[in-house]
$ cat input.cif   # mmCIF, C-alpha atoms
data_query
#
loop_
_atom_site.label_atom_id
_atom_site.label_comp_id
_atom_site.auth_asym_id
_atom_site.auth_seq_id
_atom_site.Cartn_x
_atom_site.Cartn_y
_atom_site.Cartn_z
CA MET S 1 16.43 -20.16 2.61
CA ALA S 2 16.82 -18.40 -0.75
CA SER S 3 17.26 -14.64 -0.64
CA SER S 4 15.12 -12.24 -2.61
CA ASP S 5 18.07 -11.78 -4.97
CA ASP S 6 17.61 -15.44 -5.95
CA MET S 7 14.05 -14.92 -7.20
CA PRO S 8 13.83 -15.58 -10.96
CA GLN S 9 13.09 -12.60 -13.21
CA PRO S 10 9.46 -12.65 -14.44
CA GLY S 11 8.80 -13.68 -18.00
CA PRO S 12 6.26 -11.95 -20.25
CA GLN S 13 2.81 -12.22 -18.65
CA GLU S 14 -0.43 -10.32 -18.36
CA GLN S 15 -3.55 -10.61 -16.21
CA PRO S 16 -6.98 -8.97 -16.19
CA TYR S 17 -7.16 -6.01 -13.80
CA PRO S 18 -6.91 -6.00 -10.78
CA GLY S 19 -4.77 -9.17 -10.92
CA GLU S 20 -4.28 -11.97 -8.44
CA SER S 21 -1.28 -13.54 -6.74
CA ALA S 22 -2.00 -17.09 -7.90
CA GLY S 23 -1.54 -16.19 -11.56
CA MET S 24 1.89 -14.62 -11.12
CA ASP S 25 5.12 -16.35 -12.14
CA PRO S 26 7.09 -16.28 -9.94
CA ARG S 27 4.70 -15.94 -7.01
CA PRO S 28 5.50 -12.84 -4.95
CA ARG S 29 6.89 -13.13 -1.45
CA ASP S 30 4.15 -11.35 0.46
CA ARG S 31 3.35 -13.57 3.46
CA MET S 32 6.03 -12.41 5.93
CA ALA S 33 6.80 -16.07 6.59
CA ASP S 34 10.16 -15.38 8.25
CA TYR S 35 9.10 -12.23 10.08
CA VAL S 36 9.14 -12.42 13.88
CA GLY S 37 7.04 -9.85 15.71
CA ARG S 38 7.97 -8.17 19.00
CA ASP S 39 4.53 -6.95 20.16
CA LEU S 40 5.31 -3.49 18.80
CA LEU S 41 1.62 -2.97 17.92
CA ARG S 42 -0.05 -4.96 20.69
CA GLY S 43 -3.70 -3.96 21.10
CA ARG S 44 -3.77 -1.60 18.11
CA ARG S 45 -6.53 -1.63 15.47
CA ALA S 46 -5.45 -1.11 11.84
CA LEU S 47 -7.14 -0.44 8.52
CA VAL S 48 -5.13 -1.28 5.39
CA THR S 49 -6.63 -0.31 2.04
CA GLY S 50 -5.51 -2.48 -0.85
CA GLY S 51 -4.59 -5.06 1.77
CA ASP S 52 -5.54 -8.24 -0.09
CA SER S 53 -2.20 -8.79 -1.85
CA GLY S 54 1.22 -7.33 -2.54
CA ILE S 55 2.52 -4.64 -0.21
CA GLY S 56 -0.85 -4.33 1.53
CA ARG S 57 -0.97 -8.04 2.34
CA ALA S 58 2.57 -8.05 3.69
CA VAL S 59 1.83 -4.97 5.81
CA ALA S 60 -1.40 -6.44 7.19
CA ILE S 61 0.34 -9.68 8.17
CA ALA S 62 3.31 -7.87 9.70
CA PHE S 63 0.94 -5.71 11.76
CA ALA S 64 -0.86 -8.84 12.96
CA LYS S 65 2.43 -10.47 13.90
CA GLU S 66 3.16 -7.34 15.93
CA GLY S 67 -0.15 -7.74 17.80
CA ALA S 68 -2.67 -5.65 15.83
CA ASP S 69 -6.15 -6.57 14.64
CA VAL S 70 -6.53 -5.62 10.99
CA ALA S 71 -9.32 -4.58 8.64
CA VAL S 72 -8.47 -5.18 4.97
CA ALA S 73 -10.22 -3.13 2.29
CA TYR S 74 -9.96 -4.41 -1.27
CA LEU S 75 -11.75 -4.26 -4.63
CA THR S 76 -12.86 -7.71 -5.89
CA GLU S 77 -9.90 -10.03 -5.25
CA ASP S 78 -11.81 -12.36 -2.93
CA GLU S 79 -9.42 -15.33 -3.07
CA ASP S 80 -6.36 -13.19 -2.30
CA ALA S 81 -8.27 -11.48 0.50
CA ARG S 82 -9.33 -14.81 2.03
CA GLN S 83 -5.74 -16.01 2.02
CA THR S 84 -4.64 -12.79 3.70
CA ALA S 85 -7.32 -13.22 6.36
CA GLU S 86 -6.21 -16.80 7.02
CA LEU S 87 -2.60 -15.67 7.47
CA ILE S 88 -3.66 -12.90 9.86
CA GLU S 89 -5.91 -15.18 11.88
CA ALA S 90 -3.11 -17.76 12.12
CA THR S 91 -1.25 -15.20 14.25
CA GLY S 92 -4.15 -15.12 16.71
CA ARG S 93 -5.37 -11.69 15.62
CA ARG S 94 -8.72 -10.64 14.10
CA CYS S 95 -9.20 -9.79 10.44
CA VAL S 96 -12.15 -8.00 8.86
CA LEU S 97 -12.50 -8.17 5.07
CA ILE S 98 -14.24 -5.23 3.38
CA PRO S 99 -14.71 -5.53 -0.40
CA GLY S 100 -15.74 -2.61 -2.57
CA ASP S 101 -14.58 0.22 -4.80
CA LEU S 102 -12.73 2.99 -2.97
CA ALA S 103 -13.22 5.24 -5.98
CA ASP S 104 -16.75 5.58 -4.56
CA ALA S 105 -16.90 8.32 -1.91
CA ARG S 106 -19.65 6.56 0.03
CA HIS S 107 -17.65 3.35 0.25
CA CYS S 108 -14.69 5.22 1.75
CA SER S 109 -16.89 6.21 4.69
CA GLU S 110 -18.38 2.72 4.92
CA VAL S 111 -14.92 1.14 5.17
CA VAL S 112 -14.06 3.28 8.18
CA ALA S 113 -17.46 2.69 9.80
CA ARG S 114 -17.14 -1.09 9.45
CA THR S 115 -13.62 -1.03 10.86
CA LEU S 116 -14.77 0.94 13.88
CA GLY S 117 -17.80 -1.28 14.40
CA GLU S 118 -16.01 -4.61 14.12
CA LEU S 119 -12.64 -3.79 15.68
CA GLY S 120 -13.95 -1.37 18.29
CA GLY S 121 -11.72 1.52 17.21
CA LEU S 122 -8.94 2.57 14.89
CA ASP S 123 -5.33 3.47 15.69
CA LEU S 124 -3.41 2.78 12.48
CA LEU S 125 -4.49 3.82 8.98
CA VAL S 126 -2.56 2.64 5.93
CA ASN S 127 -3.72 4.26 2.69
CA ASN S 128 -2.29 1.86 0.14
CA VAL S 129 -4.88 1.17 -2.57
CA ALA S 130 -3.69 2.06 -6.09
CA TYR S 131 -4.68 2.00 -9.74
CA GLN S 132 -2.46 2.44 -12.78
CA GLN S 133 -2.56 1.94 -16.53
CA ASN S 134 0.40 2.23 -18.85
CA ALA S 135 0.22 4.94 -21.57
CA ASP S 136 2.99 6.16 -23.87
CA SER S 137 1.84 9.78 -23.92
CA LEU S 138 -0.62 12.17 -22.30
CA THR S 139 -2.84 12.03 -25.40
CA GLU S 140 -3.32 8.28 -24.87
CA ILE S 141 -4.81 8.82 -21.40
CA SER S 142 -8.58 8.95 -21.66
CA GLU S 143 -10.68 11.20 -19.47
CA GLU S 144 -12.09 8.06 -17.83
CA GLN S 145 -8.64 6.72 -17.00
CA TRP S 146 -7.46 10.08 -15.64
CA GLN S 147 -10.52 10.41 -13.41
CA ARG S 148 -10.29 6.85 -12.11
CA THR S 149 -6.58 7.11 -11.33
CA PHE S 150 -7.19 10.20 -9.23
CA ALA S 151 -10.35 8.79 -7.63
CA VAL S 152 -8.56 5.68 -6.40
CA ASN S 153 -5.05 6.96 -5.73
CA ILE S 154 -5.61 10.34 -4.08
CA HIS S 155 -9.32 10.98 -3.54
CA SER S 156 -9.68 7.76 -1.52
CA TYR S 157 -6.73 8.79 0.66
CA TYR S 158 -8.47 12.10 1.40
CA ARG S 159 -11.88 10.50 1.96
CA VAL S 160 -10.79 7.56 4.10
CA THR S 161 -8.52 9.76 6.21
CA LYS S 162 -11.21 12.39 6.66
CA ALA S 163 -13.74 9.74 7.76
CA ALA S 164 -11.21 8.30 10.22
CA LEU S 165 -9.87 11.51 11.76
CA ASP S 166 -12.50 12.05 14.44
CA HIS S 167 -11.94 8.49 15.65
CA LEU S 168 -8.13 8.41 15.76
CA PRO S 169 -6.79 8.83 19.30
CA GLU S 170 -3.52 10.47 20.23
CA THR S 171 -0.44 8.48 19.20
CA SER S 172 -2.28 7.16 16.15
CA SER S 173 -0.33 6.77 12.94
CA ILE S 174 -1.34 7.39 9.32
CA ILE S 175 0.91 5.87 6.66
CA ASN S 176 0.46 6.65 2.98
CA THR S 177 1.87 4.67 0.08
CA ALA S 178 3.42 6.78 -2.65
CA SER S 179 6.00 5.65 -5.22
CA ILE S 180 9.35 6.51 -6.72
CA ASN S 181 7.25 7.76 -9.63
CA GLY S 182 5.93 10.51 -7.36
CA LEU S 183 9.50 11.56 -6.67
CA LYS S 184 10.91 11.55 -10.20
CA GLY S 185 7.99 11.04 -12.61
CA ASN S 186 7.44 8.38 -15.26
CA SER S 187 6.72 9.12 -18.92
CA HIS S 188 4.59 5.97 -19.25
CA LEU S 189 2.61 6.51 -16.03
CA ILE S 190 1.86 10.23 -16.17
CA ASP S 191 -1.46 10.20 -14.30
CA TYR S 192 -0.25 7.64 -11.76
CA SER S 193 2.92 9.65 -11.10
CA ALA S 194 0.88 12.82 -10.61
CA THR S 195 -1.24 11.13 -7.93
CA LYS S 196 1.81 9.74 -6.18
CA GLY S 197 3.38 13.19 -6.06
CA ALA S 198 0.11 14.47 -4.60
CA ILE S 199 0.25 11.78 -1.91
CA ILE S 200 3.69 12.98 -0.85
CA ALA S 201 2.47 16.59 -0.61
CA LEU S 202 -0.63 15.41 1.27
CA THR S 203 1.63 13.60 3.74
CA TYR S 204 3.73 16.71 4.39
CA SER S 205 0.66 18.89 4.85
CA LEU S 206 -1.31 16.48 7.04
CA ALA S 207 1.72 15.90 9.24
CA GLN S 208 1.90 19.64 9.94
CA SER S 209 -1.86 19.84 10.47
CA LEU S 210 -2.08 16.94 12.91
CA VAL S 211 1.12 17.27 14.92
CA LYS S 212 -0.62 19.07 17.79
CA LYS S 213 -3.10 16.20 18.01
CA ARG S 214 -0.13 13.82 18.34
CA ILE S 215 -1.16 11.94 15.21
CA ARG S 216 1.87 11.11 13.08
CA VAL S 217 1.63 11.05 9.27
CA ASN S 218 4.35 9.46 7.17
CA CYS S 219 4.81 7.97 3.73
CA VAL S 220 6.52 5.00 2.11
CA ALA S 221 7.53 5.58 -1.53
CA PRO S 222 8.81 2.27 -2.94
CA GLY S 223 10.58 1.61 -6.18
CA PRO S 224 9.54 -1.37 -8.33
CA VAL S 225 7.76 -4.06 -6.30
CA TRP S 226 6.53 -7.41 -7.66
CA THR S 227 2.78 -7.30 -7.00
CA PRO S 228 -0.37 -8.32 -8.95
CA LEU S 229 -0.77 -4.72 -10.13
CA ILE S 230 2.25 -5.19 -12.42
CA PRO S 231 1.06 -8.00 -14.76
CA ALA S 232 -2.47 -6.59 -14.50
CA THR S 233 -1.55 -3.12 -15.80
CA LEU S 234 1.67 -3.34 -17.83
CA PRO S 235 2.30 -4.92 -21.25
CA GLY S 236 3.93 -8.34 -21.12
CA ASP S 237 7.29 -7.11 -22.45
CA LYS S 238 7.39 -4.40 -19.76
CA VAL S 239 6.69 -7.04 -17.10
CA GLN S 240 9.67 -9.06 -18.31
CA GLU S 241 11.93 -6.04 -17.79
CA PHE S 242 10.30 -4.89 -14.57
CA GLY S 243 12.77 -3.74 -11.91
CA GLN S 244 15.92 -4.24 -13.98
CA GLN S 245 16.51 -0.49 -14.24
CA VAL S 246 17.44 0.05 -10.58
CA PRO S 247 21.02 -0.46 -9.34
CA MET S 248 20.05 -3.67 -7.52
CA GLY S 249 18.84 -4.99 -10.88
CA ARG S 250 15.54 -6.42 -9.65
CA ALA S 251 12.16 -5.54 -8.24
CA ALA S 252 11.58 -5.72 -4.49
CA GLN S 253 9.37 -8.34 -2.90
CA PRO S 254 6.47 -7.05 -0.76
CA ASP S 255 8.03 -8.71 2.30
CA GLU S 256 11.01 -6.37 1.91
CA ILE S 257 8.83 -3.26 1.98
CA ALA S 258 6.41 -4.06 4.83
CA PRO S 259 8.91 -3.45 7.69
CA SER S 260 8.98 0.23 6.69
CA TYR S 261 5.30 0.42 7.63
CA VAL S 262 5.90 -1.33 10.95
CA PHE S 263 8.58 1.25 11.67
CA PHE S 264 6.20 4.16 11.06
CA ALA S 265 3.33 2.46 12.92
CA SER S 266 5.31 1.80 16.09
CA ASP S 267 5.73 4.58 18.66
CA GLN S 268 8.65 2.63 20.09
CA LEU S 269 10.53 2.89 16.79
CA SER S 270 9.41 6.19 15.25
CA SER S 271 7.81 8.47 17.87
CA TYR S 272 9.83 11.46 16.58
CA TYR S 273 9.01 10.87 12.92
CA THR S 274 6.21 12.73 11.16
CA GLY S 275 6.07 14.19 7.67
CA GLU S 276 8.77 11.79 6.50
CA VAL S 277 9.04 9.90 3.21
CA LEU S 278 10.91 6.61 3.37
CA ALA S 279 11.94 5.46 -0.10
CA PRO S 280 13.05 1.81 -0.49
CA ILE S 281 14.08 2.15 -4.14
CA GLY S 282 16.79 -0.42 -4.76
CA GLY S 283 19.81 1.86 -4.77
CA VAL S 284 18.46 4.71 -6.88
CA THR S 285 19.98 8.04 -5.79
CA LEU S 286 17.66 11.03 -6.02
CA PRO S 287 18.81 14.66 -6.12
CA GLY S 288 17.72 17.10 -3.45
#
$ encode --input "input.cif" --output "structure tokens"
Amino acid sequence: MASSDDMPQPGPQEQPYPGESAGMDPRPRDRMADYVGRDLLRGRRALVTGGDSGIGRAVAIAFAKEGADVAVAYLTEDEDARQTAELIEATGRRCVLIPGDLADARHCSEVVARTLGELGGLDLLVNNVAYQQNADSLTEISEEQWQRTFAVNIHSYYRVTKAALDHLPETSSIINTASINGLKGNSHLIDYSATKGAIIALTYSLAQSLVKKRIRVNCVAPGPVWTPLIPATLPGDKVQEFGQQVPMGRAAQPDEIAPSYVFFASDQLSSYYTGEVLAPIGGVTLPG
């Protein structure tokens, strides 16, 4: 089997937002095909936002292979979502697909309500949905773009988590997706980076707030990952260079990132971890 290092570098390509896996060249590795579960999440119920493709898809499938039923919230990517559901159901677990815009406060509550109604409860919450648009300076970011980036990337995390909190039992786990851009900034993704930094601070604060309830809150902050969001939101020439800046010289595949979420979801693996940020960033060394 070829390693992820053998994946060809993407050529110039663009897609309409929000993007889809089928249009990507090369196709991302996001199906956890070689992953073998160990029943680490047997009987758990999970909600993964942005779970139709990319990191979210890989996480949802990994959770299912570990024994969890999974609700997948996504925007409009119906074909990607159906494929994700098929891969989850092939493991023998249930999948609930919930389309809609998580920038809408009402939909955030509806997503949690549907998860509770159809899965019978909720133990694992993965806030993963994201929006970004490239801009070369702050003056190029419109008010509409700024508001949408915050609505999707941080307001939905607050709203979905708040709606879920009264229903999360002890030993539940909340896992937030941030980014290396929240750790070091990005001059071309100013608004996106600001939201990702906010997610990290939210993780630290929620972890302190919920520790007495025995609900763990952690964060995964990846470096460049080859997902549909990249050709859907970056110029073609930027896509061609994507990931080359890190010491490993390539972007990660979603399959390489998903085990970090399994680690944080599993009491067996991470019962003493809360308020942590795990950063799979391809060899980048950060100060501090």
$ resolve_selection --input "input.cif" --expression "the PyMOL selection byres ((chain S and resi 221) around 9)" --output "number ranges by chain"
S: 176-183, 196, 200, 219-220, 222-223, 277-281
$ closest_atom_pairs --input "input.cif" --of "range 224-252 of chain S" --to "range 64-80 of chain S" --cutoff "12 Å" --atoms "all atoms listed in the file" --output "tab-separated table"
residue	atom	partner	partner_atom	distance
S:Thr227	CA	S:Asp80	CA	11.8
S:Pro228	CA	S:Asp80	CA	10.2
S:Leu229	CA	S:Glu77	CA	11.6
$ write_last_selection --input "input.cif" --atoms "C-alpha atoms" --output "PDB file, keeping the file's coordinate frame"
ATOM      1  CA  THR S 227       2.780  -7.300  -7.000  1.00  0.00           C
ATOM      2  CA  PRO S 228      -0.370  -8.320  -8.950  1.00  0.00           C
ATOM      3  CA  LEU S 229      -0.770  -4.720 -10.130  1.00  0.00           C
TER       4      LEU S 229
END
$ closest_residue --input "input.cif" --among "S:Asp136, S:Ser270, S:Lys238, S:Arg29" --to "Met7 in chain S" --atoms "all atoms listed in the file"
S:Arg29
$ residues_around --input "input.cif" --residues "Arg106 in chain S" --least-positions-apart "5" --cutoff "12 Å" --atoms "all atoms listed in the file" --output "PyMOL selection string"
chain S and resi 100-101+111-113+155-156+159-160+163
$ resolve_selection --input "input.cif" --expression "the PyMOL selection byres ((chain S and resi 217) around 10)" --output "VMD selection string"
chain S and resid 125 to 126 172 to 176 202 to 211 214 to 216 218 to 219 264 to 265 273 to 277
$ closest_residue --input "input.cif" --among "S:Ala164, S:Leu122, S:Met248, S:Leu234" --to "Ser109 in chain S" --atoms "all atoms listed in the file"
S:Ala164
$ atom_distance --input "input.cif" --atom1 "CA of Ala232 in chain S" --atom2 "CA of Leu124 in chain S"
28.6 Å
$ closest_residue --input "input.cif" --among "S:Leu40, S:Ile230, S:Ala201, S:Val96" --to "Met24 in chain S" --atoms "only C-alpha atoms"
S:Ile230
$ resolve_selection --input "input.cif" --expression "the PyMOL selection byres ((chain S and resi 133) around 12)" --output "PyMOL selection string"
chain S and resi 16-18+130-132+134-138+140-142+144-146+148-150+186-193+229-235
$ closest_residue --input "input.cif" --among "S:Gln245, S:Gln253, S:Thr49, S:Ser266" --to "Val225 in chain S" --atoms "all atoms listed in the file"
S:Gln253
$ atom_distance --input "input.cif" --atom1 "CA of Leu116 in chain S" --atom2 "CA of Ala81 in chain S"
19.4 Å
$ atom_distance --input "input.cif" --atom1 "CA of Lys162 in chain S" --atom2 "CA of Ser260 in chain S"
23.6 Å
